[in-house]
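**Q** The structure that follows is given in the form of structure tokens.
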Amino acid sequence: MSRTPVNLSIAKSLPKTADALVVGLVTIKQDETAVVGVSADLDKAYVATYGCTVMAMATALGAGASAEAVTVLPAVGGTRVVVVGLEDADVTPERLRRAAGNGLRTLIGMDDADRWEVAVSLEAIDPELVKATAEGAILGSYRFDKVTSTQSEAPVASITLIAASVSGDQKAAIVAAETTASAVCQARDWTNTPPNLLYPETFAESARAHVRDARIAVEILDEKALERGGYGGLLAVGGGSARGPRLVRLSYSPRGASRHLALVGKGITFDSGGLDIKPAGQMAGMKCDMSGAAAVIASIRAIADLGLKVKVTAYAAMAENMPSGSAYRSSDVLTMFDGQTVENANTDAEGRLVMADAIGRAGQDKPDLIVDIATLTGACMVALGLRTAGLITNGEATSDLLLDSAEAAGEDFWELPLNDHTRSLLKSNVADMRSGSPQRWGGALVAGAFLERFVPSGVAWAHLDIAGPADNVDEPYGYVPKGGTGMGVRTLIALATQLAEND
């Protein structure tokens, strides 16, 4: 099974070993709140110890019901109580996910315990709500291990969800939550790894190791294989680095699957901008430019672990974009994998070149749907900010499918348009197309129009630009840590689930 950060379970009552209990606070009327998930036994213990109920203690300490509110109450019987805001009684999966994440994230920031054994009691009964709560708790407990000579254990040893009754559907929801959240955490780990440790060769081998015990076939193309195959985009972008590019192909083919999903991820392990070098202040975060590749590798493993009956082929296009005497140039004409020629507009628009090669190769597998995911453009961040990702597709049905998957996963995507005017901006006088527009406007749309040119005719396609939310540069919130977020993993798994269920 894929990486599991903590031991996750579901039970009817609070384990005796629990160091902490996360409960909720909701607004029931104007200026009136109520606690959620507090048992009669816990209230009695609070009255016996402090002379007041849990609700009275929470009120005295100023607990709030807003989405990011967290209040830590005094311990009773060795168990710390954490009150998290649920807004109102009409809870949604995403509210539960964020509330549980807030509770766990607060606990791991405290020094009260070497390793927390945590119970979460938010009165989630429906399997969908159970799954969301469990995901939020695991994701909120995430911490990237520092690169250090001393090893430390994970801050959370176990998470137990408390439910009034435990059914087979709830247990299945727990398994799905653990698999999904583990995939997100693995993507976060890759994204947070320093670029001197994670570069195309080591990233490719790490991908191989990650799926080694799963029903996933692995193929890795090195520089020589890429040259034989005619991967002009990958070779150009990776040509300036002493560390050669790689193309990783992962294939999951369960019996009985009739739908075929192709995933393509951008894996630029460090982006200096090439000869069009980035300013120093913009370069420090460029180790995260491989978040798309991390997402597709982590997702296909989770899809296999869940046993979803949908064929999935994932491509991770890996390169390091560096300036040197062997680096490619602006105005170079590149011959791509599918034979189309591209006049390069800017060496800092490298992601679309490696993605174009991988999309062209994915098209040879004759999938029903190609979804590419990348930290592709700063323009998308300008348009949508740091918490919303962009979506571009070649059809309304594909848009609906992706937006439904994102909503089910709790990830925020906003659809952007493509039109003939944007496509016309790629005109070149020396090649089949330019890789960018001579204008600065609509950069995210131009990048999407470029990628569209490599999608085989008649194949459904979606492009996910996760440049903003893939790397949280602000303070942590909900279940989202500072640094790599694993953005897109949950949406890709939800998409595969939809395809399998609607087969």
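Numbering starts fresh at 1 for the residues of each chain in the structure tokens, the chains themselves are lettered A, B, ... in the order given, and ligands are numbered from 1 as they appear.
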Would you give me, as number ranges by chain, the residues in stretch 219-359 of chain A that DSSP reads as strand (DSSP E)?
**A** A: 219-221, 246-252, 260-271, 311-321, 333-335, 341-343
**Q** Would you save the residues from that selection as a short mmCIF file (atom, residue, chain, number, x, y, z; two decimals), in the first residue's frame, using N, CA, C and O atoms?
**A**
```cif
data_model
loop_
_atom_site.label_atom_id
_atom_site.label_comp_id
_atom_site.auth_asym_id
_atom_site.auth_seq_id
_atom_site.Cartn_x
_atom_site.Cartn_y
_atom_site.Cartn_z
N GLU A 219 8.00 2.14 -17.01
CA GLU A 219 8.99 2.33 -18.08
C GLU A 219 9.62 3.70 -17.88
O GLU A 219 8.91 4.69 -17.70
N ILE A 220 10.96 3.76 -17.88
CA ILE A 220 11.66 5.02 -17.71
C ILE A 220 12.58 5.23 -18.91
O ILE A 220 13.45 4.39 -19.19
N LEU A 221 12.39 6.34 -19.61
CA LEU A 221 13.23 6.69 -20.75
C LEU A 221 14.30 7.68 -20.30
O LEU A 221 13.99 8.74 -19.76
N ARG A 246 14.14 12.80 -18.00
CA ARG A 246 13.55 11.47 -17.96
C ARG A 246 12.07 11.57 -18.33
O ARG A 246 11.42 12.60 -18.09
N LEU A 247 11.55 10.51 -18.92
CA LEU A 247 10.10 10.37 -19.10
C LEU A 247 9.69 9.07 -18.43
O LEU A 247 10.16 8.00 -18.81
N VAL A 248 8.83 9.18 -17.43
CA VAL A 248 8.35 8.01 -16.70
C VAL A 248 6.95 7.67 -17.18
O VAL A 248 6.07 8.54 -17.23
N ARG A 249 6.76 6.42 -17.57
CA ARG A 249 5.45 5.93 -17.99
C ARG A 249 4.99 4.85 -17.02
O ARG A 249 5.67 3.84 -16.82
N LEU A 250 3.83 5.06 -16.40
CA LEU A 250 3.26 4.11 -15.45
C LEU A 250 1.92 3.65 -16.00
O LEU A 250 1.11 4.46 -16.46
N SER A 251 1.67 2.35 -15.95
CA SER A 251 0.45 1.81 -16.54
C SER A 251 -0.26 0.86 -15.58
O SER A 251 0.34 -0.09 -15.07
N TYR A 252 -1.54 1.16 -15.33
CA TYR A 252 -2.40 0.32 -14.50
C TYR A 252 -3.54 -0.18 -15.37
O TYR A 252 -4.31 0.62 -15.90
N HIS A 260 -10.31 4.34 -20.52
CA HIS A 260 -8.86 4.55 -20.44
C HIS A 260 -8.58 6.02 -20.20
O HIS A 260 -8.91 6.88 -21.02
N LEU A 261 -7.96 6.31 -19.06
CA LEU A 261 -7.61 7.66 -18.66
C LEU A 261 -6.10 7.83 -18.75
O LEU A 261 -5.34 7.02 -18.20
N ALA A 262 -5.65 8.86 -19.44
CA ALA A 262 -4.22 9.19 -19.50
C ALA A 262 -3.96 10.44 -18.66
O ALA A 262 -4.67 11.44 -18.80
N LEU A 263 -2.96 10.36 -17.79
CA LEU A 263 -2.56 11.48 -16.95
C LEU A 263 -1.17 11.93 -17.36
O LEU A 263 -0.28 11.10 -17.55
N VAL A 264 -0.97 13.23 -17.46
CA VAL A 264 0.33 13.77 -17.85
C VAL A 264 0.71 14.85 -16.84
O VAL A 264 -0.06 15.77 -16.59
N GLY A 265 1.91 14.72 -16.25
CA GLY A 265 2.33 15.66 -15.22
C GLY A 265 3.65 16.33 -15.53
O GLY A 265 4.59 15.69 -16.02
N LYS A 266 3.72 17.62 -15.25
CA LYS A 266 4.95 18.39 -15.44
C LYS A 266 5.91 18.12 -14.28
O LYS A 266 5.56 18.32 -13.12
N GLY A 267 7.14 17.72 -14.63
CA GLY A 267 8.12 17.37 -13.61
C GLY A 267 9.41 18.16 -13.74
O GLY A 267 10.49 17.57 -13.83
N ILE A 268 9.33 19.48 -13.75
CA ILE A 268 10.54 20.31 -13.78
C ILE A 268 11.07 20.40 -12.35
O ILE A 268 10.54 21.13 -11.51
N THR A 269 12.12 19.62 -12.08
CA THR A 269 12.60 19.50 -10.70
C THR A 269 13.26 20.77 -10.19
O THR A 269 13.34 20.98 -8.98
N PHE A 270 13.73 21.62 -11.08
CA PHE A 270 14.13 22.98 -10.71
C PHE A 270 14.08 23.83 -11.97
O PHE A 270 14.58 23.43 -13.01
N ASP A 271 13.50 25.01 -11.83
CA ASP A 271 13.34 25.89 -12.98
C ASP A 271 14.06 27.20 -12.73
O ASP A 271 13.54 28.10 -12.05
N LYS A 311 -8.68 1.81 -16.69
CA LYS A 311 -7.29 1.75 -17.12
C LYS A 311 -6.69 3.15 -17.03
O LYS A 311 -7.28 4.13 -17.48
N VAL A 312 -5.50 3.23 -16.44
CA VAL A 312 -4.84 4.53 -16.28
C VAL A 312 -3.39 4.41 -16.75
O VAL A 312 -2.67 3.50 -16.34
N THR A 313 -3.00 5.34 -17.60
CA THR A 313 -1.60 5.46 -18.01
C THR A 313 -1.13 6.85 -17.61
O THR A 313 -1.75 7.84 -17.97
N ALA A 314 -0.05 6.90 -16.85
CA ALA A 314 0.46 8.18 -16.35
C ALA A 314 1.84 8.46 -16.93
O ALA A 314 2.70 7.58 -16.97
N TYR A 315 2.03 9.69 -17.36
CA TYR A 315 3.32 10.14 -17.88
C TYR A 315 3.83 11.29 -17.01
O TYR A 315 3.11 12.26 -16.77
N ALA A 316 5.06 11.16 -16.54
CA ALA A 316 5.71 12.23 -15.78
C ALA A 316 6.92 12.69 -16.58
O ALA A 316 7.88 11.94 -16.76
N ALA A 317 6.85 13.93 -17.07
CA ALA A 317 7.91 14.49 -17.91
C ALA A 317 8.87 15.28 -17.04
O ALA A 317 8.54 16.36 -16.55
N MET A 318 10.09 14.74 -16.84
CA MET A 318 11.01 15.28 -15.85
C MET A 318 12.24 15.90 -16.51
O MET A 318 12.88 15.28 -17.36
N ALA A 319 12.56 17.12 -16.08
CA ALA A 319 13.76 17.80 -16.58
C ALA A 319 14.15 18.87 -15.58
O ALA A 319 13.33 19.31 -14.76
N GLU A 320 15.41 19.30 -15.66
CA GLU A 320 15.89 20.43 -14.88
C GLU A 320 16.26 21.53 -15.87
O GLU A 320 17.06 21.31 -16.78
N ASN A 321 15.64 22.71 -15.71
CA ASN A 321 15.82 23.80 -16.66
C ASN A 321 16.93 24.72 -16.18
O ASN A 321 16.74 25.52 -15.26
N VAL A 333 14.08 26.37 -33.10
CA VAL A 333 12.95 25.60 -33.62
C VAL A 333 13.14 24.14 -33.21
O VAL A 333 14.15 23.53 -33.55
N LEU A 334 12.18 23.63 -32.49
CA LEU A 334 12.24 22.27 -31.93
C LEU A 334 11.27 21.37 -32.67
O LEU A 334 10.16 21.78 -33.01
N THR A 335 11.71 20.14 -32.91
CA THR A 335 10.81 19.13 -33.47
C THR A 335 10.31 18.24 -32.34
O THR A 335 11.10 17.56 -31.68
N THR A 341 6.59 21.14 -35.37
CA THR A 341 7.73 21.99 -35.06
C THR A 341 7.28 23.22 -34.29
O THR A 341 6.20 23.77 -34.52
N VAL A 342 8.14 23.66 -33.36
CA VAL A 342 7.79 24.76 -32.45
C VAL A 342 8.92 25.78 -32.43
O VAL A 342 10.08 25.43 -32.18
N GLU A 343 8.58 27.03 -32.70
CA GLU A 343 9.52 28.13 -32.50
C GLU A 343 9.46 28.51 -31.03
O GLU A 343 8.42 28.95 -30.52
#
```
**Q** Excluding same-chain residues fewer than 4 positions from A:Pro438, what lies within 10 Å of it counting only C-alpha atoms, as a PyMOL selection string?
**A** chain A and resi 345+425-427+434
**Q** Take the residues from that selection and put them in a file with N, CA and C atoms, as a JSON list (two decimals), in the first residue's frame.
**A**
```
[["chain", "number", "residue", "atom", "x", "y", "z"],
["A", 345, "ALA", "N", 9.57, 30.50, -27.79],
["A", 345, "ALA", "CA", 9.38, 31.92, -27.50],
["A", 345, "ALA", "C", 10.16, 32.38, -26.28],
["A", 425, "LEU", "N", -2.71, 33.42, -31.72],
["A", 425, "LEU", "CA", -1.52, 34.07, -31.18],
["A", 425, "LEU", "C", -0.29, 33.17, -31.23],
["A", 426, "LEU", "N", -0.49, 31.89, -31.55],
["A", 426, "LEU", "CA", 0.63, 30.94, -31.62],
["A", 426, "LEU", "C", 1.22, 30.86, -33.03],
["A", 427, "LYS", "N", 0.78, 31.72, -33.92],
["A", 427, "LYS", "CA", 1.27, 31.68, -35.30],
["A", 427, "LYS", "C", 2.77, 31.96, -35.36],
["A", 434, "ARG", "N", 4.39, 28.88, -32.57],
["A", 434, "ARG", "CA", 5.26, 29.41, -31.53],
["A", 434, "ARG", "C", 4.82, 28.79, -30.20]]
```
**Q** Near stretch 222-237 of chain A, within 10 Å and counting only C-alpha atoms, which residues show up once chain neighbours fewer than 6 positions away are dropped, as a PyMOL selection string?
**A** chain A and resi 200-201+204+243-248+268+271+273-274+317-323+326-329+332-342+344+347-358+360-361
**Q** Write out as a list in words all residues of stretch 347-404 of chain A that DSSP puts in helix (DSSP H, G or I) for this structure's backbone.
**A**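 Answer for stretch 347-404 of chain A, restricted to helix (DSSP H, G or I): Gly351, Arg352, Leu353, Val354, Met355, Ala356, Asp357, Ala358, Ile359, Gly360, Arg361, Ala362, Gly363, Gly378, Ala379, Cys380, Met381, Val382, Ala383, Leu384, Glu396, Ala397, Thr398, Ser399, Asp400, Leu401, Leu402, Leu403 and Asp404 of chain A.
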**Q** Those residues you just picked out, can you put them in a file as an mmCIF file, in the first residue's frame with N, CA and C atoms?
**A**
```
data_model
loop_
_atom_site.group_PDB
_atom_site.id
_atom_site.type_symbol
_atom_site.label_atom_id
_atom_site.label_comp_id
_atom_site.auth_asym_id
_atom_site.auth_seq_id
_atom_site.Cartn_x
_atom_site.Cartn_y
_atom_site.Cartn_z
ATOM 1 N N GLY A 351 7.739 24.438 -19.351
ATOM 2 C CA GLY A 351 6.837 23.366 -18.947
ATOM 3 C C GLY A 351 5.969 22.869 -20.074
ATOM 4 N N ARG A 352 5.472 23.783 -20.892
ATOM 5 C CA ARG A 352 4.589 23.379 -21.990
ATOM 6 C C ARG A 352 5.317 22.525 -23.024
ATOM 7 N N LEU A 353 6.640 22.689 -23.113
ATOM 8 C CA LEU A 353 7.409 21.900 -24.088
ATOM 9 C C LEU A 353 7.538 20.446 -23.651
ATOM 10 N N VAL A 354 7.858 20.226 -22.370
ATOM 11 C CA VAL A 354 7.957 18.833 -21.909
ATOM 12 C C VAL A 354 6.575 18.191 -21.863
ATOM 13 N N MET A 355 5.554 18.992 -21.546
ATOM 14 C CA MET A 355 4.190 18.464 -21.510
ATOM 15 C C MET A 355 3.702 18.106 -22.910
ATOM 16 N N ALA A 356 4.088 18.900 -23.904
ATOM 17 C CA ALA A 356 3.668 18.621 -25.284
ATOM 18 C C ALA A 356 4.203 17.278 -25.748
ATOM 19 N N ASP A 357 5.468 16.976 -25.445
ATOM 20 C CA ASP A 357 6.020 15.664 -25.784
ATOM 21 C C ASP A 357 5.240 14.547 -25.106
ATOM 22 N N ALA A 358 4.957 14.724 -23.817
ATOM 23 C CA ALA A 358 4.267 13.669 -23.065
ATOM 24 C C ALA A 358 2.819 13.502 -23.518
ATOM 25 N N ILE A 359 2.151 14.611 -23.840
ATOM 26 C CA ILE A 359 0.776 14.512 -24.351
ATOM 27 C C ILE A 359 0.765 13.791 -25.695
ATOM 28 N N GLY A 360 1.724 14.148 -26.565
ATOM 29 C CA GLY A 360 1.813 13.461 -27.851
ATOM 30 C C GLY A 360 2.032 11.975 -27.685
ATOM 31 N N ARG A 361 2.897 11.593 -26.742
ATOM 32 C CA ARG A 361 3.130 10.164 -26.496
ATOM 33 C C ARG A 361 1.899 9.505 -25.898
ATOM 34 N N ALA A 362 1.230 10.193 -24.974
ATOM 35 C CA ALA A 362 0.017 9.634 -24.367
ATOM 36 C C ALA A 362 -1.051 9.378 -25.420
ATOM 37 N N GLY A 363 -1.102 10.226 -26.444
ATOM 38 C CA GLY A 363 -2.089 10.047 -27.505
ATOM 39 C C GLY A 363 -1.928 8.743 -28.247
ATOM 40 N N GLY A 378 2.557 31.625 -14.330
ATOM 41 C CA GLY A 378 2.320 32.677 -13.351
ATOM 42 C C GLY A 378 1.069 33.467 -13.685
ATOM 43 N N ALA A 379 0.697 33.487 -14.970
ATOM 44 C CA ALA A 379 -0.506 34.212 -15.390
ATOM 45 C C ALA A 379 -1.759 33.640 -14.742
ATOM 46 N N CYS A 380 -1.775 32.331 -14.510
ATOM 47 C CA CYS A 380 -2.931 31.723 -13.861
ATOM 48 C C CYS A 380 -3.024 32.183 -12.406
ATOM 49 N N MET A 381 -1.873 32.368 -11.778
ATOM 50 C CA MET A 381 -1.859 32.882 -10.410
ATOM 51 C C MET A 381 -2.360 34.325 -10.365
ATOM 52 N N VAL A 382 -1.974 35.123 -11.351
ATOM 53 C CA VAL A 382 -2.442 36.505 -11.413
ATOM 54 C C VAL A 382 -3.961 36.540 -11.570
ATOM 55 N N ALA A 383 -4.483 35.626 -12.386
ATOM 56 C CA ALA A 383 -5.921 35.606 -12.661
ATOM 57 C C ALA A 383 -6.733 35.067 -11.490
ATOM 58 N N LEU A 384 -6.260 33.970 -10.865
ATOM 59 C CA LEU A 384 -7.085 33.231 -9.908
ATOM 60 C C LEU A 384 -6.558 33.237 -8.483
ATOM 61 N N GLU A 396 -17.623 20.622 -23.342
ATOM 62 C CA GLU A 396 -18.460 20.876 -22.168
ATOM 63 C C GLU A 396 -18.590 19.643 -21.285
ATOM 64 N N ALA A 397 -18.729 18.460 -21.885
ATOM 65 C CA ALA A 397 -18.872 17.237 -21.093
ATOM 66 C C ALA A 397 -17.617 16.990 -20.260
ATOM 67 N N THR A 398 -16.447 17.269 -20.842
ATOM 68 C CA THR A 398 -15.197 17.101 -20.102
ATOM 69 C C THR A 398 -15.105 18.105 -18.971
ATOM 70 N N SER A 399 -15.527 19.332 -19.225
ATOM 71 C CA SER A 399 -15.533 20.352 -18.176
ATOM 72 C C SER A 399 -16.394 19.916 -17.002
ATOM 73 N N ASP A 400 -17.600 19.453 -17.311
ATOM 74 C CA ASP A 400 -18.518 19.015 -16.249
ATOM 75 C C ASP A 400 -17.901 17.876 -15.449
ATOM 76 N N LEU A 401 -17.274 16.931 -16.144
ATOM 77 C CA LEU A 401 -16.674 15.781 -15.478
ATOM 78 C C LEU A 401 -15.574 16.214 -14.512
ATOM 79 N N LEU A 402 -14.714 17.115 -14.962
ATOM 80 C CA LEU A 402 -13.608 17.570 -14.105
ATOM 81 C C LEU A 402 -14.096 18.433 -12.958
ATOM 82 N N LEU A 403 -15.041 19.317 -13.219
ATOM 83 C CA LEU A 403 -15.550 20.178 -12.149
ATOM 84 C C LEU A 403 -16.304 19.373 -11.104
ATOM 85 N N ASP A 404 -17.049 18.355 -11.535
ATOM 86 C CA ASP A 404 -17.725 17.463 -10.584
ATOM 87 C C ASP A 404 -16.707 16.720 -9.722
#
```
**Q** Could you name the residues that touch A:Leu499 at 7 Å or less, counting only C-alpha atoms, but leaving out those on the same chain fewer than 3 positions away, as a short mmCIF file (atom, residue, chain, number, x, y, z; two decimals) with N, CA and C atoms, in the first residue's frame?
**A**
```
data_model
loop_
_atom_site.label_atom_id
_atom_site.label_comp_id
_atom_site.auth_asym_id
_atom_site.auth_seq_id
_atom_site.Cartn_x
_atom_site.Cartn_y
_atom_site.Cartn_z
N ARG A 259 -12.79 1.87 -19.84
CA ARG A 259 -12.42 3.28 -19.99
C ARG A 259 -10.91 3.42 -19.78
N VAL A 310 -10.70 1.09 -13.97
CA VAL A 310 -10.46 2.01 -15.06
C VAL A 310 -8.98 1.91 -15.41
N LEU A 495 -11.78 11.69 -10.18
CA LEU A 495 -12.07 11.53 -11.60
C LEU A 495 -12.04 10.05 -12.00
N ALA A 496 -11.00 9.35 -11.59
CA ALA A 496 -10.90 7.92 -11.90
C ALA A 496 -12.05 7.15 -11.27
N ASN A 502 -19.08 4.89 -13.58
CA ASN A 502 -19.99 5.14 -14.70
C ASN A 502 -19.65 4.31 -15.91
N ASP A 503 -18.80 3.32 -15.72
CA ASP A 503 -18.36 2.47 -16.84
C ASP A 503 -19.55 1.71 -17.42
#
```
**Q** Any idea what's packed within 8 Å of stretch 412-420 of chain A, counting only C-alpha atoms, ignoring anything in its chain fewer than 6 positions away? Could you give it as a PyMOL selection string?
**A** chain A and resi 384+387-392+399+403+406+445+448-449
